[in-house]
file model_25.pdb (PDB, C-alpha atoms and all ligand atoms)
MODEL        1
ATOM      1  CA  MET A  22      -1.801  17.235 -26.282
ATOM      2  CA  ASP A  23      -0.734  14.908 -29.056
ATOM      3  CA  ARG A  24      -3.414  12.345 -29.604
ATOM      4  CA  SER A  25      -1.504  10.408 -32.249
ATOM      5  CA  ASN A  26      -1.570   7.469 -29.870
ATOM      6  CA  LYS A  27      -5.314   7.624 -29.460
ATOM      7  CA  PRO A  28      -6.644   4.160 -30.251
ATOM      8  CA  SER A  29      -9.269   3.698 -32.870
ATOM      9  CA  ALA A  30     -12.679   2.543 -31.773
ATOM     10  CA  ILE A  31     -13.415  -1.143 -31.658
ATOM     11  CA  GLY A  32     -14.363  -2.106 -35.215
ATOM     12  CA  VAL A  33     -17.951  -2.858 -36.030
ATOM     13  CA  GLY A  34     -18.332  -6.550 -36.679
ATOM     14  CA  ALA A  35     -15.071  -7.564 -34.975
ATOM     15  CA  SER A  36     -15.098 -11.348 -35.079
ATOM     16  CA  PHE A  37     -13.803 -12.104 -31.583
ATOM     17  CA  PRO A  38     -15.628 -11.921 -28.228
ATOM     18  CA  GLN A  39     -15.592  -8.358 -26.981
ATOM     19  CA  PRO A  40     -14.387  -7.109 -23.618
ATOM     20  CA  SER A  41     -16.773  -4.893 -21.706
ATOM     21  CA  VAL A  42     -15.715  -1.404 -20.664
ATOM     22  CA  SER A  43     -17.663   0.971 -18.434
ATOM     23  CA  VAL A  44     -16.924   4.575 -17.574
ATOM     24  CA  GLN A  45     -18.655   6.068 -14.560
ATOM     25  CA  ASP A  46     -17.826   8.810 -12.073
ATOM     26  CA  GLY A  47     -14.176   8.936 -13.095
ATOM     27  CA  ILE A  48     -13.717   5.171 -12.791
ATOM     28  CA  ILE A  49     -13.038   2.943 -15.790
ATOM     29  CA  GLU A  50     -13.669  -0.773 -15.500
ATOM     30  CA  ALA A  51     -12.832  -3.325 -18.158
ATOM     31  CA  SER A  52     -13.377  -7.051 -18.142
ATOM     32  CA  LEU A  53     -12.590  -9.847 -20.536
ATOM     33  CA  PRO A  54     -15.020 -12.575 -21.597
ATOM     34  CA  SER A  55     -12.725 -15.003 -19.710
ATOM     35  CA  GLY A  56     -13.360 -13.131 -16.418
ATOM     36  CA  GLU A  57     -10.229 -11.041 -15.811
ATOM     37  CA  SER A  58     -10.853  -7.388 -14.964
ATOM     38  CA  VAL A  59      -9.092  -4.123 -14.278
ATOM     39  CA  THR A  60     -10.251  -0.882 -12.632
ATOM     40  CA  VAL A  61      -8.582   2.490 -13.199
ATOM     41  CA  TYR A  62      -9.365   5.780 -11.456
ATOM     42  CA  LEU A  63      -8.898   8.933 -13.525
ATOM     43  CA  TYR A  64      -7.393  10.388 -10.365
ATOM     44  CA  GLY A  65      -3.740   9.542 -10.876
ATOM     45  CA  ALA A  66      -4.661   7.101 -13.678
ATOM     46  CA  THR A  67      -4.292   4.728 -10.741
ATOM     47  CA  VAL A  68      -4.993   1.068 -11.402
ATOM     48  CA  THR A  69      -6.912   0.124  -8.239
ATOM     49  CA  SER A  70      -7.837  -3.467  -8.997
ATOM     50  CA  TRP A  71      -6.665  -6.306 -11.214
ATOM     51  CA  LYS A  72      -8.534  -9.573 -10.939
ATOM     52  CA  SER A  73      -7.134 -12.659 -12.544
ATOM     53  CA  ASN A  74      -7.578 -16.374 -11.842
ATOM     54  CA  GLY A  75     -10.626 -15.323  -9.812
ATOM     55  CA  GLN A  76      -8.492 -13.368  -7.328
ATOM     56  CA  GLU A  77      -7.515  -9.772  -6.609
ATOM     57  CA  GLN A  78      -3.842  -9.404  -7.491
ATOM     58  CA  LEU A  79      -3.208  -5.879  -6.196
ATOM     59  CA  PHE A  80      -3.149  -4.700  -2.602
ATOM     60  CA  MET A  81      -5.377  -1.790  -1.625
ATOM     61  CA  SER A  82      -5.221  -0.202   1.833
ATOM     62  CA  LYS A  83      -8.600  -0.279   3.586
ATOM     63  CA  THR A  84      -8.053   3.353   4.595
ATOM     64  CA  ALA A  85      -6.893   4.580   1.174
ATOM     65  CA  HIS A  86      -8.423   7.877   0.069
ATOM     66  CA  LEU A  87     -10.437   7.255  -3.089
ATOM     67  CA  ASP A  88     -11.970  10.724  -3.268
ATOM     68  CA  GLY A  89      -9.088  12.589  -4.915
ATOM     69  CA  SER A  90      -7.911  14.192  -1.675
ATOM     70  CA  LYS A  91      -4.656  12.200  -1.507
ATOM     71  CA  PRO A  92      -2.727   9.792  -3.751
ATOM     72  CA  ILE A  93      -4.320   6.347  -3.616
ATOM     73  CA  ARG A  94      -2.533   3.973  -1.214
ATOM     74  CA  GLY A  95      -2.570   0.751  -3.220
ATOM     75  CA  GLY A  96      -2.936  -0.572  -6.732
ATOM     76  CA  ILE A  97      -0.462   1.051  -9.115
ATOM     77  CA  PRO A  98       0.134   4.750  -8.426
ATOM     78  CA  LEU A  99       2.231   6.271 -11.178
ATOM     79  CA  VAL A 100       5.272   8.315 -10.209
ATOM     80  CA  PHE A 101       6.258  11.184 -12.570
ATOM     81  CA  PRO A 102       8.241  13.414 -13.088
ATOM     82  CA  THR A 103      10.240  12.651  -9.957
ATOM     83  CA  ASP A 104      10.560   9.947  -7.352
ATOM     84  CA  ALA A 105      12.384  12.354  -5.088
ATOM     85  CA  ASN A 106      11.641  13.008  -1.521
ATOM     86  CA  PRO A 107      13.450  16.318  -0.978
ATOM     87  CA  LYS A 108      13.883  15.433   2.692
ATOM     88  CA  LEU A 109      15.768  12.246   1.919
ATOM     89  CA  CYS A 110      19.545  12.118   1.679
ATOM     90  CA  ILE A 111      19.321   9.997  -1.463
ATOM     91  CA  TRP A 112      20.561  12.942  -3.501
ATOM     92  CA  GLN A 113      23.938  12.404  -1.861
ATOM     93  CA  VAL A 114      24.073   9.175  -3.831
ATOM     94  CA  PHE A 115      22.292   9.971  -7.069
ATOM     95  CA  GLY A 116      23.321  13.603  -7.316
ATOM     96  CA  PRO A 117      21.196  16.706  -6.978
ATOM     97  CA  PRO A 118      18.283  17.397  -9.281
ATOM     98  CA  PRO A 119      19.149  19.274 -12.472
ATOM     99  CA  LYS A 120      18.989  23.062 -12.154
ATOM    100  CA  ASN A 121      16.127  23.422 -14.635
ATOM    101  CA  HIS A 122      14.049  20.832 -12.815
ATOM    102  CA  ALA A 123      12.064  22.263  -9.953
ATOM    103  CA  THR A 124      11.802  18.978  -8.078
ATOM    104  CA  SER A 125      12.161  20.604  -4.706
ATOM    105  CA  SER A 126       8.762  22.287  -5.058
ATOM    106  CA  LEU A 127       6.993  19.094  -6.111
ATOM    107  CA  PRO A 128       5.502  16.633  -3.655
ATOM    108  CA  GLN A 129       7.222  13.284  -3.115
ATOM    109  CA  HIS A 130       6.637  11.136  -6.197
ATOM    110  CA  GLY A 131       5.670  14.082  -8.407
ATOM    111  CA  PHE A 132       2.218  15.072  -9.633
ATOM    112  CA  ALA A 133       1.044  12.206 -11.880
ATOM    113  CA  ARG A 134      -0.544  10.268  -9.025
ATOM    114  CA  ASN A 135      -2.438  13.273  -7.720
ATOM    115  CA  SER A 136      -3.661  14.824 -10.940
ATOM    116  CA  THR A 137      -6.851  13.981 -12.768
ATOM    117  CA  TRP A 138      -6.202  12.335 -16.121
ATOM    118  CA  GLU A 139      -8.365  12.105 -19.218
ATOM    119  CA  PHE A 140      -9.683   8.824 -20.612
ATOM    120  CA  LEU A 141      -8.542   8.728 -24.240
ATOM    121  CA  GLY A 142     -10.336   5.546 -25.214
ATOM    122  CA  LYS A 143     -10.303   1.801 -25.434
ATOM    123  CA  SER A 144      -9.234  -0.689 -28.038
ATOM    124  CA  SER A 145      -9.369  -4.434 -28.195
ATOM    125  CA  SER A 146      -7.518  -7.045 -30.149
ATOM    126  CA  GLU A 147      -7.154 -10.773 -30.464
ATOM    127  CA  ALA A 148      -4.406 -12.085 -28.250
ATOM    128  CA  GLY A 149      -4.104 -15.563 -29.783
ATOM    129  CA  LYS A 150      -5.732 -18.898 -28.908
ATOM    130  CA  GLY A 151      -9.146 -17.223 -28.878
ATOM    131  CA  ASP A 152      -8.063 -14.807 -26.137
ATOM    132  CA  VAL A 153      -8.760 -11.091 -26.206
ATOM    133  CA  ALA A 154      -6.795  -8.067 -24.966
ATOM    134  CA  VAL A 155      -8.261  -4.722 -23.995
ATOM    135  CA  LYS A 156      -6.203  -1.539 -23.837
ATOM    136  CA  LEU A 157      -7.275   1.586 -21.963
ATOM    137  CA  ASP A 158      -5.438   4.820 -22.728
ATOM    138  CA  PHE A 159      -5.167   7.832 -20.424
ATOM    139  CA  GLY A 160      -3.670  11.257 -21.056
ATOM    140  CA  LEU A 161      -2.180  14.047 -18.979
ATOM    141  CA  SER A 162      -0.690  17.294 -20.206
ATOM    142  CA  HIS A 163       0.776  20.434 -18.678
ATOM    143  CA  ALA A 164      -2.461  22.356 -19.272
ATOM    144  CA  MET A 165      -4.413  19.796 -17.221
ATOM    145  CA  LEU A 166      -2.299  20.250 -14.077
ATOM    146  CA  SER A 167      -3.295  22.341 -11.085
ATOM    147  CA  GLU A 168      -1.823  25.831 -11.018
ATOM    148  CA  GLU A 169       0.485  24.782  -8.188
ATOM    149  CA  PHE A 170       1.959  21.921 -10.226
ATOM    150  CA  ARG A 171       2.153  23.992 -13.432
ATOM    151  CA  LYS A 172       4.273  26.531 -11.588
ATOM    152  CA  ALA A 173       6.419  23.887  -9.916
ATOM    153  CA  TRP A 174       7.193  22.085 -13.184
ATOM    154  CA  PRO A 175       6.833  24.523 -16.067
ATOM    155  CA  HIS A 176       7.570  22.061 -18.887
ATOM    156  CA  GLU A 177       5.188  21.364 -21.755
ATOM    157  CA  PHE A 178       4.686  17.622 -21.779
ATOM    158  CA  GLY A 179       2.204  14.984 -22.902
ATOM    159  CA  LEU A 180       1.766  11.657 -21.153
ATOM    160  CA  VAL A 181      -0.112   8.706 -22.584
ATOM    161  CA  TYR A 182      -0.503   5.863 -20.096
ATOM    162  CA  SER A 183      -1.765   2.573 -21.468
ATOM    163  CA  VAL A 184      -3.191  -0.191 -19.329
ATOM    164  CA  THR A 185      -3.559  -3.465 -21.206
ATOM    165  CA  LEU A 186      -5.365  -6.467 -19.784
ATOM    166  CA  THR A 187      -4.944  -9.932 -21.248
ATOM    167  CA  LYS A 188      -5.912 -13.323 -19.873
ATOM    168  CA  ASP A 189      -2.358 -13.858 -18.629
ATOM    169  CA  ALA A 190      -0.997 -10.433 -17.791
ATOM    170  CA  LEU A 191      -1.468  -6.794 -16.937
ATOM    171  CA  ARG A 192       0.738  -4.392 -18.844
ATOM    172  CA  THR A 193       1.183  -0.725 -18.006
ATOM    173  CA  SER A 194       3.232   1.540 -20.232
ATOM    174  CA  LEU A 195       3.927   5.241 -20.264
ATOM    175  CA  GLN A 196       4.809   7.417 -23.216
ATOM    176  CA  VAL A 197       6.332  10.774 -22.333
ATOM    177  CA  THR A 198       6.542  13.472 -25.005
ATOM    178  CA  ASN A 199       8.399  16.745 -24.689
ATOM    179  CA  GLU A 200       6.034  19.234 -26.317
ATOM    180  CA  GLY A 201       8.100  22.264 -25.337
ATOM    181  CA  LYS A 202      11.119  24.008 -26.813
ATOM    182  CA  GLU A 203      13.651  23.031 -24.142
ATOM    183  CA  ASN A 204      14.962  19.723 -22.859
ATOM    184  CA  PHE A 205      13.571  18.393 -19.613
ATOM    185  CA  GLU A 206      14.580  15.643 -17.220
ATOM    186  CA  PHE A 207      12.294  13.189 -15.537
ATOM    187  CA  GLN A 208      12.051  10.008 -13.527
ATOM    188  CA  VAL A 209       9.264   7.469 -13.666
ATOM    189  CA  LEU A 210       8.124   4.647 -11.415
ATOM    190  CA  MET A 211       5.196   2.235 -11.544
ATOM    191  CA  HIS A 212       4.597   1.884  -7.823
ATOM    192  CA  THR A 213       2.914  -1.523  -7.897
ATOM    193  CA  TYR A 214       1.413  -2.871  -4.665
ATOM    194  CA  LEU A 215       1.217  -6.647  -5.161
ATOM    195  CA  ALA A 216      -1.177  -8.594  -2.933
ATOM    196  CA  VAL A 217       0.369 -11.521  -1.054
ATOM    197  CA  GLU A 218      -1.142 -13.814   1.561
ATOM    198  CA  ASP A 219       1.763 -13.591   3.974
ATOM    199  CA  ILE A 220       4.939 -11.564   3.535
ATOM    200  CA  ALA A 221       6.799 -14.206   5.599
ATOM    201  CA  ASN A 222       6.219 -16.672   2.786
ATOM    202  CA  VAL A 223       7.458 -14.357   0.014
ATOM    203  CA  ARG A 224      10.821 -14.356  -1.743
ATOM    204  CA  VAL A 225      12.017 -11.954  -4.440
ATOM    205  CA  LYS A 226      14.279 -13.505  -7.067
ATOM    206  CA  ASN A 227      16.667 -12.348  -9.774
ATOM    207  CA  LEU A 228      18.175  -9.510  -7.764
ATOM    208  CA  GLU A 229      21.305 -11.425  -6.733
ATOM    209  CA  SER A 230      24.608  -9.587  -7.348
ATOM    210  CA  LYS A 231      22.755  -6.362  -8.213
ATOM    211  CA  THR A 232      23.674  -3.045  -6.640
ATOM    212  CA  TYR A 233      21.063  -1.354  -4.499
ATOM    213  CA  ILE A 234      20.640   1.809  -2.495
ATOM    214  CA  ASP A 235      19.188   1.050   0.892
ATOM    215  CA  LYS A 236      16.933   3.945   1.902
ATOM    216  CA  VAL A 237      16.407   2.381   5.326
ATOM    217  CA  ARG A 238      20.166   2.463   5.947
ATOM    218  CA  ASN A 239      20.885   6.108   5.181
ATOM    219  CA  ALA A 240      20.919   5.577   1.398
ATOM    220  CA  SER A 241      24.049   3.436   1.576
ATOM    221  CA  THR A 242      25.078   1.263  -1.384
ATOM    222  CA  HIS A 243      25.121  -2.542  -1.179
ATOM    223  CA  THR A 244      25.269  -5.605  -3.394
ATOM    224  CA  GLU A 245      22.468  -8.121  -3.095
ATOM    225  CA  SER A 246      23.806 -11.452  -1.882
ATOM    226  CA  SER A 247      20.559 -13.406  -1.754
ATOM    227  CA  PRO A 248      19.231 -15.418  -4.705
ATOM    228  CA  ALA A 249      15.811 -15.306  -2.997
ATOM    229  CA  LEU A 250      15.315 -12.179  -0.913
ATOM    230  CA  ALA A 251      13.156 -12.604   2.205
ATOM    231  CA  ILE A 252      11.429  -9.522   3.649
ATOM    232  CA  THR A 253      11.786  -9.593   7.434
ATOM    233  CA  GLU A 254      11.790  -5.896   8.380
ATOM    234  CA  GLU A 255      11.145  -2.457   6.891
ATOM    235  CA  THR A 256      12.575  -2.676   3.382
ATOM    236  CA  ASP A 257      13.092   0.206   0.959
ATOM    237  CA  ARG A 258      15.692  -0.518  -1.697
ATOM    238  CA  VAL A 259      16.415   0.841  -5.144
ATOM    239  CA  TYR A 260      17.992  -1.919  -7.251
ATOM    240  CA  GLN A 261      19.835  -0.438 -10.196
ATOM    241  CA  GLY A 262      21.069  -1.405 -13.634
ATOM    242  CA  LEU A 263      18.782  -4.413 -14.098
ATOM    243  CA  ASP A 264      18.151  -6.065 -17.444
ATOM    244  CA  PRO A 265      14.474  -5.239 -18.099
ATOM    245  CA  ALA A 266      13.979  -8.531 -19.943
ATOM    246  CA  THR A 267      14.959 -10.630 -16.914
ATOM    247  CA  PRO A 268      11.812 -11.012 -14.858
ATOM    248  CA  ILE A 269      11.723 -10.100 -11.191
ATOM    249  CA  VAL A 270       9.970 -13.099  -9.726
ATOM    250  CA  VAL A 271       7.996 -12.948  -6.491
ATOM    251  CA  SER A 272       7.674 -16.522  -5.327
ATOM    252  CA  SER A 273       6.248 -18.542  -2.496
ATOM    253  CA  ALA A 274       8.902 -19.745  -0.049
ATOM    254  CA  SER A 275       6.954 -22.838   0.972
ATOM    255  CA  ASP A 276       6.688 -24.444  -2.446
ATOM    256  CA  ASP A 277       8.996 -22.230  -4.555
ATOM    257  CA  GLN A 278       6.130 -21.503  -6.957
ATOM    258  CA  PRO A 279       6.068 -18.116  -8.674
ATOM    259  CA  LEU A 280       3.343 -15.729  -7.515
ATOM    260  CA  PHE A 281       4.220 -12.860  -9.853
ATOM    261  CA  SER A 282       6.715 -12.312 -12.629
ATOM    262  CA  ILE A 283       7.495  -8.773 -13.779
ATOM    263  CA  THR A 284       9.322  -7.895 -16.979
ATOM    264  CA  ARG A 285      10.036  -4.321 -17.977
ATOM    265  CA  GLU A 286      10.807  -2.234 -21.031
ATOM    266  CA  ALA A 287      13.254   0.663 -20.725
ATOM    267  CA  LEU A 288      12.916   0.562 -16.929
ATOM    268  CA  THR A 289      16.235  -0.546 -15.433
ATOM    269  CA  ASP A 290      15.572   0.140 -11.735
ATOM    270  CA  VAL A 291      13.311  -1.761  -9.363
ATOM    271  CA  VAL A 292      12.275  -0.504  -5.925
ATOM    272  CA  VAL A 293      11.337  -3.136  -3.346
ATOM    273  CA  TRP A 294       9.299  -1.649  -0.503
ATOM    274  CA  ASN A 295       7.483  -2.919   2.543
ATOM    275  CA  PRO A 296       6.805  -0.454   5.380
ATOM    276  CA  TRP A 297       6.649  -3.140   8.098
ATOM    277  CA  ILE A 298       4.685  -2.459  11.250
ATOM    278  CA  GLU A 299       6.109   0.801  12.660
ATOM    279  CA  LYS A 300       6.064   2.716   9.380
ATOM    280  CA  ALA A 301       2.628   1.278   8.532
ATOM    281  CA  LYS A 302       1.332   2.687  11.830
ATOM    282  CA  GLY A 303       2.692   6.099  10.877
ATOM    283  CA  LEU A 304       0.913   6.158   7.497
ATOM    284  CA  SER A 305      -2.620   7.407   8.164
ATOM    285  CA  ASP A 306      -3.924   5.957   4.895
ATOM    286  CA  PHE A 307      -2.359   2.527   5.389
ATOM    287  CA  GLY A 308      -4.706   0.202   7.137
ATOM    288  CA  PRO A 309      -5.140  -1.921   9.003
ATOM    289  CA  ASP A 310      -1.580  -1.681  10.387
ATOM    290  CA  GLU A 311      -1.141  -5.449  10.089
ATOM    291  CA  ALA A 312      -1.866  -5.240   6.354
ATOM    292  CA  TYR A 313       1.846  -4.775   5.732
ATOM    293  CA  LYS A 314       1.850  -8.606   5.829
ATOM    294  CA  ASN A 315      -0.408  -8.713   2.803
ATOM    295  CA  MET A 316       1.583  -6.611   0.360
ATOM    296  CA  ILE A 317       4.902  -6.106  -1.297
ATOM    297  CA  CYS A 318       5.704  -3.214  -3.599
ATOM    298  CA  VAL A 319       7.857  -4.182  -6.566
ATOM    299  CA  GLU A 320       8.181  -0.928  -8.472
ATOM    300  CA  ALA A 321       9.561  -0.884 -12.006
ATOM    301  CA  GLY A 322      11.145   2.449 -12.814
ATOM    302  CA  SER A 323      13.854   4.723 -13.947
ATOM    303  CA  VAL A 324      14.754   6.657 -10.814
ATOM    304  CA  SER A 325      18.469   6.376 -10.137
ATOM    305  CA  ALA A 326      19.314   8.733 -12.992
ATOM    306  CA  TRP A 327      17.441  11.423 -14.898
ATOM    307  CA  GLN A 328      16.040  10.663 -18.327
ATOM    308  CA  THR A 329      16.703  13.647 -20.547
ATOM    309  CA  LEU A 330      14.072  14.291 -23.171
ATOM    310  CA  GLU A 331      14.877  16.710 -25.972
ATOM    311  CA  ALA A 332      12.263  19.052 -27.391
ATOM    312  CA  GLY A 333       9.889  17.124 -29.635
ATOM    313  CA  ASP A 334      11.144  13.704 -28.540
ATOM    314  CA  SER A 335       9.231  10.870 -26.918
ATOM    315  CA  TRP A 336      10.245   8.155 -24.488
ATOM    316  CA  GLU A 337       8.363   5.006 -23.637
ATOM    317  CA  GLY A 338       8.730   2.462 -20.859
ATOM    318  CA  GLY A 339       6.547  -0.124 -19.196
ATOM    319  CA  GLN A 340       6.035  -3.288 -17.248
ATOM    320  CA  SER A 341       4.199  -6.519 -17.796
ATOM    321  CA  ILE A 342       3.036  -8.478 -14.734
ATOM    322  CA  LYS A 343       2.080 -12.122 -14.923
ATOM    323  CA  SER A 344       0.356 -13.585 -11.934
ATOM    324  CA  ARG A 345       0.423 -17.031 -10.352
ATOM    325  CA  LEU A 346       1.899 -18.556 -13.494
TER     326      LEU A 346
HETATM  327  O1  LIG A 401       4.043   7.347   1.178
HETATM  328  P1  LIG A 401       4.392   7.432  -0.287
HETATM  329  O2  LIG A 401       4.756   8.823  -0.737
HETATM  330  O3  LIG A 401       3.317   6.817  -1.134
HETATM  331  O4  LIG A 401       5.686   6.557  -0.488
HETATM  332  C1  LIG A 401       5.720   5.214  -0.166
HETATM  333  C2  LIG A 401       7.101   4.642  -0.484
HETATM  334  O5  LIG A 401       7.286   4.679  -1.864
HETATM  335  C3  LIG A 401       8.513   4.168  -2.373
HETATM  336  O6  LIG A 401       8.525   2.806  -2.346
HETATM  337  C4  LIG A 401       9.718   4.752  -1.697
HETATM  338  O7  LIG A 401      10.887   4.042  -2.038
HETATM  339  C5  LIG A 401       9.552   4.769  -0.207
HETATM  340  O8  LIG A 401      10.623   5.502   0.366
HETATM  341  C6  LIG A 401       8.233   5.395   0.198
HETATM  342  O9  LIG A 401       8.086   5.366   1.586
ENDMDL
END

call {"tool": "encode", "arguments": {"input": "model_25.pdb", "output": "structure tokens"}}
result
Amino acid sequence: MDRSNKPSAIGVGASFPQPSVSVQDGIIEASLPSGESVTVYLYGATVTSWKSNGQEQLFMSKTAHLDGSKPIRGGIPLVFPTDANPKLCIWQVFGPPPKNHATSSLPQHGFARNSTWEFLGKSSSEAGKGDVAVKLDFGLSHAMLSEEFRKAWPHEFGLVYSVTLTKDALRTSLQVTNEGKENFEFQVLMHTYLAVEDIANVRVKNLESKTYIDKVRNASTHTESSPALAITEETDRVYQGLDPATPIVVSSASDDQPLFSITREALTDVVVWNPWIEKAKGLSDFGPDEAYKNMICVEAGSVSAWQTLEAGDSWEGGQSIKSRL
């Protein structure tokens, strides 16, 4: 795969405090001198932990499979090249998958979250005011896929996924390159499980007046009327046509303080998901059942339309999450 994005090694004699990075048993951990840390599994290039302000910011199911037998239930699973669940009627709204795109033979959410990625390297830089940033890069290409996935999606591609930790934020960005001779179409979603103390005290802002597809209500189309969305039941909505620069803010209802703020680049959809109790009970790797109270998925993506990538071209999109501002 194209390694043009491979970062150079940290320079000898760099004059700022260095982050520490360890690589062991397919798990990469990085921490900053100021205490923030991030953990990424090569399986799915899944971010499984982000600690900031002395607290875990991402939700992880206690019964998640961390052994590569199933996509990891928590953290930030990466969805590529399709968000589709072939069983869901959502295609009635968004249109069927393109003919040259074998989405129907891929598992829900594609293969990125259940393939083993390669660690391409680390780089660090000064992030102003004496702060440091560390960037971890991961790669996945067609040749690295299982035979089953290679057959199901026969396109030559290269993915570079970058996870950047700063004192204030976690940024994840994906570069997709078409390394084949024909166009392909894809969708992408950063399926972020945010940790919250109590879902009853959570509001999601900056969705008002936006159109969404409600997957809980037979994929019907609605317009958001609430300036501060409360989650009071199973929620599974695809908000469309959002300005990536306007942050989605997850705030505390009791004091109106922001808990998370998420800006995006080139990702104009946002999925808001909480399984609530019945669905949580039905997910064998979601546990304990009551843990639905401690999470909300706010998923930055491009899923309501297909991105077409011409041969030789690259596309890049990402999100930046600030916590407890
Ligand atoms: O169980 P998974 O395949 O991880 O999917 C978990 C959820 O992901 C997204 O948020 C979808 O919008 C939901 O429809 C789906 O239930």

call {"tool": "resolve_selection", "arguments": {"input": "model_25.pdb", "expression": "the PyMOL selection byres (((chain A and resi 251) around 8) and not hetatm)", "output": "list in words"}}
result
Ala221, Val223, Arg224, Val225, Ala249, Leu250, Ile252 and Thr253 of chain A

call {"tool": "resolve_selection", "arguments": {"input": "model_25.pdb", "expression": "the PyMOL selection byres (((chain A and resi 38) around 12) and not hetatm)", "output": "list of chain:residue names"}}
result
A:Ile31, A:Gly34, A:Ala35, A:Ser36, A:Phe37, A:Gln39, A:Pro40, A:Ser41, A:Ser52, A:Leu53, A:Pro54, A:Ser55, A:Ser145, A:Ser146, A:Glu147, A:Ala148, A:Gly151, A:Asp152, A:Val153, A:Ala154, A:Val155

call {"tool": "residues_near_ligand", "arguments": {"input": "model_25.pdb", "ligand": "ligand LIG 401 (chain A)", "cutoff": "8 Å", "atoms": "all atoms listed in the file", "output": "PyMOL selection string"}}
result
chain A and resi 92+94+104+106+129-130+212+236+257-259+292-296+304+318+320

call {"tool": "closest_residue", "arguments": {"input": "model_25.pdb", "among": "A:Glu57, A:Asp189, A:Glu245, A:Glu206", "to": "Lys231 (chain A)", "atoms": "all atoms listed in the file"}}
result
A:Glu245

call {"tool": "closest_atom_pairs", "arguments": {"input": "model_25.pdb", "of": "region 216-261 of chain A", "to": "region 58-77 of chain A", "cutoff": "12 Å", "atoms": "all atoms listed in the file", "output": "Markdown table"}}
result
| residue | atom | partner | partner_atom | distance |
| --- | --- | --- | --- | --- |
| A:Ala216 | CA | A:Glu77 | CA | 7.4 |
| A:Val217 | CA | A:Glu77 | CA | 9.8 |
| A:Glu218 | CA | A:Glu77 | CA | 11.1 |

call {"tool": "closest_residue", "arguments": {"input": "model_25.pdb", "among": "A:Lys300, A:Ser273, A:Ile317, A:Val209", "to": "Gly96 (chain A)", "atoms": "all atoms listed in the file"}}
result
A:Ile317

call {"tool": "atom_distance", "arguments": {"input": "model_25.pdb", "atom1": "CA of Ala240 (chain A)", "atom2": "CA of Ala173 (chain A)"}}
result
26.0 Å

call {"tool": "atom_distance", "arguments": {"input": "model_25.pdb", "atom1": "CA of Ser282 (chain A)", "atom2": "CA of Val44 (chain A)"}}
result
29.5 Å

call {"tool": "closest_residue", "arguments": {"input": "model_25.pdb", "among": "A:Tyr313, A:Trp174, A:Phe80, A:Trp336", "to": "Asn199 (chain A)", "atoms": "only C-alpha atoms"}}
result
A:Trp336

call {"tool": "atom_distance", "arguments": {"input": "model_25.pdb", "atom1": "CA of Gln196 (chain A)", "atom2": "CA of Asp235 (chain A)"}}
result
28.8 Å

call {"tool": "resolve_selection", "arguments": {"input": "model_25.pdb", "expression": "the PyMOL selection byres (((chain A and resi 142) around 6) and not hetatm)", "output": "PyMOL selection string"}}
result
chain A and resi 140-141+143+157-158

call {"tool": "closest_residue", "arguments": {"input": "model_25.pdb", "among": "A:Ala321, A:Val197, A:Ile220, A:Val270", "to": "Asp334 (chain A)", "atoms": "all atoms listed in the file"}}
result
A:Val197

call {"tool": "decode", "arguments": {"input": "model_25.pdb", "residues": "region 40-63 of chain A", "atoms": "C-alpha atoms", "output": "mmCIF file, in the first residue's frame"}}
result
data_model
loop_
_atom_site.group_PDB
_atom_site.id
_atom_site.type_symbol
_atom_site.label_atom_id
_atom_site.label_comp_id
_atom_site.auth_asym_id
_atom_site.auth_seq_id
_atom_site.Cartn_x
_atom_site.Cartn_y
_atom_site.Cartn_z
ATOM 1 C CA PRO A 40 5.017 11.252 24.625
ATOM 2 C CA SER A 41 5.513 7.595 25.430
ATOM 3 C CA VAL A 42 4.309 4.931 23.015
ATOM 4 C CA SER A 43 4.285 1.184 23.621
ATOM 5 C CA VAL A 44 3.444 -1.610 21.221
ATOM 6 C CA GLN A 45 2.642 -5.011 22.673
ATOM 7 C CA ASP A 46 0.517 -7.960 21.589
ATOM 8 C CA GLY A 47 -1.310 -5.950 18.941
ATOM 9 C CA ILE A 48 -2.146 -3.113 21.336
ATOM 10 C CA ILE A 49 -0.676 0.369 20.977
ATOM 11 C CA GLU A 50 -0.733 2.704 23.949
ATOM 12 C CA ALA A 51 0.359 6.321 23.881
ATOM 13 C CA SER A 52 0.436 8.841 26.678
ATOM 14 C CA LEU A 53 1.356 12.483 26.930
ATOM 15 C CA PRO A 54 3.596 13.998 29.605
ATOM 16 C CA SER A 55 0.458 15.826 30.840
ATOM 17 C CA GLY A 56 -1.280 12.477 31.555
ATOM 18 C CA GLU A 57 -3.741 11.971 28.687
ATOM 19 C CA SER A 58 -3.613 8.557 27.020
ATOM 20 C CA VAL A 59 -5.075 6.545 24.183
ATOM 21 C CA THR A 60 -5.171 2.796 23.482
ATOM 22 C CA VAL A 61 -5.673 1.307 20.017
ATOM 23 C CA TYR A 62 -6.097 -2.366 19.117
ATOM 24 C CA LEU A 63 -4.710 -3.443 15.748
#
